[in-house]
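**Q** Below you will find the structure I want to go over with you.
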Amino acid sequence: MSEAFAVATHGLSMRYGSEPALDGVDLRVPEGAVYILIGPNGAGKSTAMKVLLNLERPHAGRAEVFGLDTASRGPEVRAQVGYVAEQHEHDYGWMTCGRLIRHAAAYYPSWDHTYAAHLVDVFGVRLNRKVGTLSKGEARRLQFVLALAHRPPLLLLDEPADGLDPVVRNRAFAQLAGHLADTPTTVVIATHHIHEVESLADHVGVLREARLVAQMTRDELRRTVVRYRLEVPEGWQPPPELRTATLRRSRAGREVQWTLVGEPDEVTARLAGAGATVRDVTPLALEEAALAFLAEEGAA
Amino acid sequence: MMQGTLHPAPRGRDVVLEQVRIVGLSLRREALVAAVVLGVVTLVIAIDIVHGRAATWFDSDEWFVIGLFSFLVPFAVWRREKRFGPAFLWTLPVDRRRLALAKVFAGWVWLMAALACFVLWQLALAVLSGVADAETVPLVAFSGATAMYLLGSALVLGLRHPLRWLLGTAGAFFLLATLNEALGRAENGMARMFAWSGALRWAIYGPYGIDTLLSSRTFQSAVENAATVWWPVTIFLWLGAGVAALWAAASRHGERRRR
């Protein structure tokens, strides 16, 4: 049922040389979702986005955007996408911002010139400046204009806040929120700074070492990734069935702090059944819950 | 989302027109340099006209210069584009191969415009100079220029480092020639290389060679009773080779390109 998803990848694998960039990744981004793809540097976030635009060819698997195969229907796919690339240096440094905007407009029949002018105003883009002379933050603001002005059904934002000062960052995300309210859009944001986009997110995917280790809704993540404070008897061993659900664990004497993924009632029952006394069950903030999938220190 | 409600891709005509505009804009600096050079040459010719020495300006083989110029124009057209890797150009909603070919076409349009200006400039000077039988670049030389442009475009589009390949090939040729001479196989290594490399000689001076292509003259072999080759055949063959090479090079950037 790929039609139900704005983005769906099936066993997507890719490597640079012998290094895997993506390893059997099955992304599922529902239409209308704001999907935060998190992971450390080199986890494969940018590569996944490039595959969706057919800028990179996977070694195995395939990807679909609104049911369109990205490898065979690249032009149609790219017509649906507004893309803010991770790199801020633009290939057309010799153009003025205004000329670059007109250039991009020629390729999108859906380009909204009035909206583009509004975005130029909101993001403070100076049209007569040469693109090559823009600072990192200014280039990023220009990228936002280019990505949003044709009101694409899908936005791919790769580290969108990178280079933006706090004031502009807030303005950018406020504009993005306004855009989402006006225009039916699916958004995929690749970042390792969840707190910047936390208010927008409703789905989260976690990439670690080229593999998608978690993918769920925001509510599911907050409900199932929980910290348990336990008091355990001497020589206590955790139940084997919970070991694979362990994300983080720290121990101080007979008190254990454990971050686990699973239904809290079920996990609590298993812990109690294994002889532990559950003192406290603490839901985690979205960022903390997502980052728990990336932590290796202290994991069982 | 129903596929019927998806955003449309741009029309081919719009893409080509925008490429013509943008390539023209990107070649402004080169055009300015060419205009300055032509201005200086015009001044020199004007002085020669005043002194009655203008005839020497209209008996040369400009088509070789035009051929070389046409071959090098693609380097200028693509100079500011990142041809390989995830470039902005390839994020546009156009079939990648078509987009590459649209840019090549745009460059060709400007090349033809530049050649037309050059021919007009030359004709105007020839008329002003009053030189009888002034030899100017024939309009058919445009087809030779087109073939050279296509080959240059194929080289630039198909290779990551076309200049390295060009210089490397030329360097290898000269190295072999020098070695040849050093080993005492010939007094003049370069001449020996040309003599040894029949294919190269054939490609330049043969009936279907570059000389025939660019000069647009019917080839008449010096050998008695040898066949005559009508120049359109040569032009057709070179244009065909250029188109085939360009298609192969552009396919490296296609949607279903190899990794």
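Chain identifiers are assigned as A, B, and so on, following the order in which chains appear in the structure tokens; residues are numbered from 1 within each chain, and ligands are numbered from 1 in order of appearance.
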Please identify all residues of chain B having at least one atom at most 10 Å from any atom of chain A, considering only C-alpha atoms, and return them as an MDAnalysis selection string.

**A** chainID B and resid 1:3 5:12 14:15 17:19 21:22 25:26 80:82 84:96 253:259

**Q** For segment 247-257 of chain A, work out the shell of residues within 12 Å, counting only C-alpha atoms and skipping chain neighbours fewer than 6 positions away, then give it as number ranges by chain.

**A** A: 213-214, 224-238, 271, 276-282, 288-300

**Q** Considering only helix (DSSP H, G or I) as DSSP defines it on the backbone, what residues of segment 130-252 of chain A qualify? List them as an NGL selection string.

**A** :A and (131-133 or 136-148 or 166-182 or 194-197 or 218-224 or 240-243)

**Q** For each of A:Ala190, A:Pro40, A:Gly24, A:Met49, take the minimum atom-to-atom distance to Gly61 of chain A, counting only C-alpha atoms, then give the residue where this is smallest.

**A**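 Result for the nearest residue to Gly61 of chain A: A:Gly24.
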
**Q** Leaving out Ser46 of chain A and any residue of its chain fewer than 3 positions from it, which residues lie within 10 Å of it when counting only C-alpha atoms, given as a ChimeraX atom specification?

**A** /A:21,37,41-43,49-52,85-86,156-159,189-191

**Q** Measure the distance from atom CA of Phe69 of chain B to atom CA of Ala54 of chain B in Å and round it to one decimal.

**A** 24.0 Å

**Q** Have a look at atom CA of Leu175 of chain B and atom CA of Arg79 of chain B and let me know their distance in Å, one decimal.

**A**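 Pair atom CA of Leu175 of chain B / atom CA of Arg79 of chain B returns 28.9 Å.
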
**Q** Please extract the residues of segment 179-298 of chain A with a backbone DSSP assignment of strand (DSSP E) and present them as number ranges by chain.

**A** A: 186-191, 203-208, 211-217, 225-231, 246-252, 255-261, 277-283

**Q** Filtering to N, CA and C atoms, could you give me those residues as a CSV table (one decimal), in the first residue's frame?

**A**
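Result file follows (result.csv):
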chain,number,residue,atom,x,y,z
A,186,THR,N,4.0,17.2,3.3
A,186,THR,CA,4.7,16.2,4.1
A,186,THR,C,6.1,16.7,4.2
A,187,VAL,N,6.6,16.6,5.4
A,187,VAL,CA,8.0,17.1,5.6
A,187,VAL,C,8.9,16.0,6.2
A,188,VAL,N,10.0,15.9,5.6
A,188,VAL,CA,11.1,15.0,6.2
A,188,VAL,C,12.2,15.9,6.6
A,189,ILE,N,12.6,15.9,7.9
A,189,ILE,CA,13.7,16.8,8.3
A,189,ILE,C,14.8,15.9,8.9
A,190,ALA,N,15.9,16.0,8.3
A,190,ALA,CA,17.1,15.2,8.8
A,190,ALA,C,17.9,16.2,9.7
A,191,THR,N,18.1,15.7,10.9
A,191,THR,CA,18.8,16.6,11.8
A,191,THR,C,19.4,15.8,13.0
A,203,HIS,N,6.3,12.3,13.6
A,203,HIS,CA,6.9,11.0,13.4
A,203,HIS,C,8.4,11.1,13.6
A,204,VAL,N,9.0,10.0,14.0
A,204,VAL,CA,10.4,10.0,14.2
A,204,VAL,C,11.0,8.7,13.7
A,205,GLY,N,12.2,8.9,13.0
A,205,GLY,CA,12.9,7.7,12.5
A,205,GLY,C,14.4,7.9,13.0
A,206,VAL,N,15.0,6.8,13.4
A,206,VAL,CA,16.3,6.9,14.0
A,206,VAL,C,17.3,6.1,13.1
A,207,LEU,N,18.2,6.7,12.5
A,207,LEU,CA,19.3,6.0,11.7
A,207,LEU,C,20.5,5.9,12.6
A,208,ARG,N,21.0,4.7,12.6
A,208,ARG,CA,22.3,4.6,13.3
A,208,ARG,C,23.2,3.6,12.5
A,211,ARG,N,21.6,2.0,9.5
A,211,ARG,CA,20.4,1.1,9.7
A,211,ARG,C,19.3,2.0,10.4
A,212,LEU,N,18.1,1.7,10.0
A,212,LEU,CA,17.0,2.4,10.6
A,212,LEU,C,16.6,1.6,11.9
A,213,VAL,N,17.0,2.1,13.0
A,213,VAL,CA,16.8,1.3,14.3
A,213,VAL,C,15.5,1.6,15.0
A,214,ALA,N,14.8,2.6,14.6
A,214,ALA,CA,13.5,2.9,15.2
A,214,ALA,C,12.7,3.8,14.2
A,215,GLN,N,11.4,3.6,14.2
A,215,GLN,CA,10.5,4.4,13.4
A,215,GLN,C,9.1,4.3,14.0
A,216,MET,N,8.6,5.4,14.5
A,216,MET,CA,7.3,5.4,15.1
A,216,MET,C,6.8,6.8,15.2
A,217,THR,N,5.5,6.9,15.7
A,217,THR,CA,4.9,8.2,15.8
A,217,THR,C,5.5,8.8,17.1
A,225,VAL,N,9.1,4.6,25.1
A,225,VAL,CA,10.5,4.7,25.5
A,225,VAL,C,10.5,5.5,26.8
A,226,VAL,N,10.7,4.7,27.9
A,226,VAL,CA,10.5,5.2,29.2
A,226,VAL,C,11.7,4.8,30.1
A,227,ARG,N,12.0,5.6,31.1
A,227,ARG,CA,13.0,5.3,32.1
A,227,ARG,C,12.4,4.7,33.3
A,228,TYR,N,13.0,3.6,33.7
A,228,TYR,CA,12.5,2.9,34.9
A,228,TYR,C,13.6,3.0,36.0
A,229,ARG,N,13.1,3.3,37.2
A,229,ARG,CA,14.1,3.3,38.3
A,229,ARG,C,13.7,2.1,39.2
A,230,LEU,N,14.6,1.2,39.3
A,230,LEU,CA,14.4,-0.1,40.0
A,230,LEU,C,15.2,-0.2,41.2
A,231,GLU,N,14.7,-1.0,42.1
A,231,GLU,CA,15.5,-1.5,43.2
A,231,GLU,C,15.6,-3.0,43.1
A,246,THR,N,16.5,-3.0,25.7
A,246,THR,CA,17.3,-2.1,26.5
A,246,THR,C,18.0,-1.0,25.7
A,247,LEU,N,17.8,0.2,26.0
A,247,LEU,CA,18.5,1.3,25.3
A,247,LEU,C,19.6,1.9,26.1
A,248,ARG,N,19.4,2.0,27.5
A,248,ARG,CA,20.4,2.6,28.3
A,248,ARG,C,20.3,1.9,29.7
A,249,ARG,N,21.4,1.8,30.4
A,249,ARG,CA,21.3,1.3,31.7
A,249,ARG,C,22.4,1.8,32.6
A,250,SER,N,22.1,2.3,33.8
A,250,SER,CA,23.1,2.7,34.7
A,250,SER,C,22.8,2.1,36.1
A,251,ARG,N,23.8,1.8,36.9
A,251,ARG,CA,23.6,1.2,38.2
A,251,ARG,C,24.4,1.9,39.3
A,252,ALA,N,23.7,2.1,40.4
A,252,ALA,CA,24.4,2.7,41.5
A,252,ALA,C,23.9,1.8,42.7
A,255,GLU,N,20.4,0.3,43.1
A,255,GLU,CA,19.4,1.0,42.3
A,255,GLU,C,19.8,1.0,40.9
A,256,VAL,N,18.9,0.7,40.0
A,256,VAL,CA,19.2,0.6,38.6
A,256,VAL,C,18.3,1.6,37.8
A,257,GLN,N,18.9,2.4,36.9
A,257,GLN,CA,18.1,3.3,36.1
A,257,GLN,C,18.2,2.6,34.7
A,258,TRP,N,17.0,2.4,34.1
A,258,TRP,CA,17.0,1.6,32.9
A,258,TRP,C,16.0,2.3,31.9
A,259,THR,N,16.5,2.5,30.7
A,259,THR,CA,15.7,3.1,29.6
A,259,THR,C,15.4,1.9,28.7
A,260,LEU,N,14.1,1.6,28.6
A,260,LEU,CA,13.6,0.5,27.8
A,260,LEU,C,12.6,0.9,26.8
A,261,VAL,N,12.5,0.2,25.7
A,261,VAL,CA,11.4,0.4,24.7
A,261,VAL,C,10.4,-0.7,24.9
A,277,THR,N,11.9,-4.2,42.1
A,277,THR,CA,10.9,-3.3,42.5
A,277,THR,C,10.9,-2.1,41.7
A,278,VAL,N,9.9,-1.8,41.0
A,278,VAL,CA,9.8,-0.6,40.1
A,278,VAL,C,9.4,0.6,41.0
A,279,ARG,N,10.4,1.5,41.2
A,279,ARG,CA,10.2,2.7,42.1
A,279,ARG,C,9.6,3.8,41.3
A,280,ASP,N,10.0,3.9,40.1
A,280,ASP,CA,9.6,5.1,39.3
A,280,ASP,C,9.5,4.8,37.8
A,281,VAL,N,8.6,5.3,37.1
A,281,VAL,CA,8.5,5.2,35.7
A,281,VAL,C,8.4,6.6,35.1
A,282,THR,N,9.4,7.1,34.4
A,282,THR,CA,9.5,8.4,33.9
A,282,THR,C,9.4,8.5,32.4
A,283,PRO,N,8.4,9.1,31.9
A,283,PRO,CA,8.4,9.4,30.4
A,283,PRO,C,9.5,10.3,30.0

**Q** Could you pull the residues within 12 Å of Ala174 of chain A, counting only C-alpha atoms, minus those fewer than 2 positions along the same chain, as number ranges by chain?

**A** A: 122-123, 167-172, 176-181, 196-197, 199-200

**Q** Could you save the residues just selected, with N, CA and C atoms, as a PDB file, in the first residue's frame?

**A**
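In the end it all went to again15.pdb:
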ATOM      1  N   VAL A 122      10.184  37.705   4.171  1.00  0.00           N
ATOM      2  CA  VAL A 122      10.255  37.078   5.501  1.00  0.00           C
ATOM      3  C   VAL A 122      11.683  36.655   5.835  1.00  0.00           C
ATOM      4  N   PHE A 123      12.354  36.056   4.850  1.00  0.00           N
ATOM      5  CA  PHE A 123      13.702  35.552   5.110  1.00  0.00           C
ATOM      6  C   PHE A 123      14.790  36.611   4.894  1.00  0.00           C
ATOM      7  N   VAL A 167      17.582  33.921  16.062  1.00  0.00           N
ATOM      8  CA  VAL A 167      16.427  34.740  15.664  1.00  0.00           C
ATOM      9  C   VAL A 167      15.879  34.268  14.317  1.00  0.00           C
ATOM     10  N   VAL A 168      16.767  34.096  13.377  1.00  0.00           N
ATOM     11  CA  VAL A 168      16.339  33.664  12.037  1.00  0.00           C
ATOM     12  C   VAL A 168      15.812  32.230  12.089  1.00  0.00           C
ATOM     13  N   ARG A 169      16.436  31.409  12.934  1.00  0.00           N
ATOM     14  CA  ARG A 169      15.986  30.024  13.062  1.00  0.00           C
ATOM     15  C   ARG A 169      14.531  29.988  13.534  1.00  0.00           C
ATOM     16  N   ASN A 170      14.239  30.784  14.545  1.00  0.00           N
ATOM     17  CA  ASN A 170      12.863  30.831  15.037  1.00  0.00           C
ATOM     18  C   ASN A 170      11.911  31.334  13.954  1.00  0.00           C
ATOM     19  N   ARG A 171      12.383  32.355  13.224  1.00  0.00           N
ATOM     20  CA  ARG A 171      11.536  32.909  12.158  1.00  0.00           C
ATOM     21  C   ARG A 171      11.312  31.860  11.053  1.00  0.00           C
ATOM     22  N   ALA A 172      12.379  31.116  10.761  1.00  0.00           N
ATOM     23  CA  ALA A 172      12.284  30.097   9.706  1.00  0.00           C
ATOM     24  C   ALA A 172      11.287  29.002  10.085  1.00  0.00           C
ATOM     25  N   LEU A 176       7.798  28.003   8.518  1.00  0.00           N
ATOM     26  CA  LEU A 176       7.532  26.621   8.103  1.00  0.00           C
ATOM     27  C   LEU A 176       6.204  26.137   8.685  1.00  0.00           C
ATOM     28  N   ALA A 177       5.982  26.463   9.951  1.00  0.00           N
ATOM     29  CA  ALA A 177       4.713  26.075  10.587  1.00  0.00           C
ATOM     30  C   ALA A 177       3.534  26.732   9.871  1.00  0.00           C
ATOM     31  N   GLY A 178       3.701  28.010   9.524  1.00  0.00           N
ATOM     32  CA  GLY A 178       2.654  28.711   8.778  1.00  0.00           C
ATOM     33  C   GLY A 178       2.424  28.092   7.413  1.00  0.00           C
ATOM     34  N   HIS A 179       3.526  27.712   6.778  1.00  0.00           N
ATOM     35  CA  HIS A 179       3.445  27.072   5.459  1.00  0.00           C
ATOM     36  C   HIS A 179       2.650  25.766   5.554  1.00  0.00           C
ATOM     37  N   LEU A 180       2.933  24.991   6.598  1.00  0.00           N
ATOM     38  CA  LEU A 180       2.238  23.705   6.772  1.00  0.00           C
ATOM     39  C   LEU A 180       0.749  23.923   7.011  1.00  0.00           C
ATOM     40  N   ALA A 181       0.428  25.031   7.673  1.00  0.00           N
ATOM     41  CA  ALA A 181      -0.986  25.318   7.934  1.00  0.00           C
ATOM     42  C   ALA A 181      -1.707  25.696   6.640  1.00  0.00           C
ATOM     43  N   GLU A 196      15.257  21.607  17.985  1.00  0.00           N
ATOM     44  CA  GLU A 196      14.934  22.715  17.084  1.00  0.00           C
ATOM     45  C   GLU A 196      13.619  22.491  16.333  1.00  0.00           C
ATOM     46  N   VAL A 197      13.270  21.253  16.137  1.00  0.00           N
ATOM     47  CA  VAL A 197      12.077  20.952  15.326  1.00  0.00           C
ATOM     48  C   VAL A 197      11.056  20.127  16.107  1.00  0.00           C
ATOM     49  N   SER A 199       8.726  20.828  18.109  1.00  0.00           N
ATOM     50  CA  SER A 199       7.327  21.256  18.140  1.00  0.00           C
ATOM     51  C   SER A 199       6.579  20.863  16.870  1.00  0.00           C
ATOM     52  N   LEU A 200       7.311  20.627  15.792  1.00  0.00           N
ATOM     53  CA  LEU A 200       6.661  20.284  14.520  1.00  0.00           C
ATOM     54  C   LEU A 200       6.484  18.783  14.339  1.00  0.00           C
TER      55      LEU A 200
END

**Q** Give me, please, the distance in Å between atom CA of Trp57 of chain B and atom CA of Ser215 of chain B, quoted to one decimal.

**A**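 Distance between the two atoms: 17.1 Å.
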
**Q** Applying 10 Å and only C-alpha atoms, which residues near segment 50-53 of chain B remain after dropping the ones on its own chain fewer than 6 positions away? List them as a ChimeraX atom specification.

**A** /B:129-131

**Q** Hey, what's within 10 Å of segment 142-148 of chain B if we count only C-alpha atoms and toss same-chain stuff fewer than 5 positions away? As a ChimeraX atom specification, please?

**A** /B:63-74,108,111-112,115-116,137,153-154,210-216,232,234-243

**Q** Return the single residue from B:Val119, B:Val16, B:Ala182, B:Val77 that is closest to Glu30 of chain B, with distances computed using only C-alpha atoms.

**A**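 Closest residue, counting only C-alpha atoms: B:Val77.
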
**Q** I'd like the neighbourhood of Leu246 of chain B as a PyMOL selection string, where a residue qualifies if any of its atoms comes within 9 Å (using only C-alpha atoms), though same-chain residues fewer than 6 positions away should be ignored.

**A** chain B and resi 101+150-155+157-158

**Q** Based on the selection just made, write C-alpha atoms of those residues as a PDB file, in the first residue's frame.

**A**
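Everything below was put into result_19.pdb:
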ATOM      1  CA  LEU B 101      21.048  18.024 -23.865  1.00  0.00           C
ATOM      2  CA  LEU B 150      29.150  18.266 -30.334  1.00  0.00           C
ATOM      3  CA  LEU B 151      32.423  16.404 -29.865  1.00  0.00           C
ATOM      4  CA  GLY B 152      33.617  18.941 -27.306  1.00  0.00           C
ATOM      5  CA  SER B 153      30.302  18.681 -25.470  1.00  0.00           C
ATOM      6  CA  ALA B 154      30.545  14.885 -25.433  1.00  0.00           C
ATOM      7  CA  LEU B 155      34.001  15.140 -23.929  1.00  0.00           C
ATOM      8  CA  LEU B 157      29.740  15.742 -20.357  1.00  0.00           C
ATOM      9  CA  GLY B 158      31.172  12.250 -20.508  1.00  0.00           C
TER      10      GLY B 158
END

**Q** Could you check which of B:Ala249, B:Tyr149, B:Ala126, B:Leu159 is closest to Ala46 of chain B, using only C-alpha atoms?

**A**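 Smallest distance to Ala46 of chain B is found for B:Ala126.
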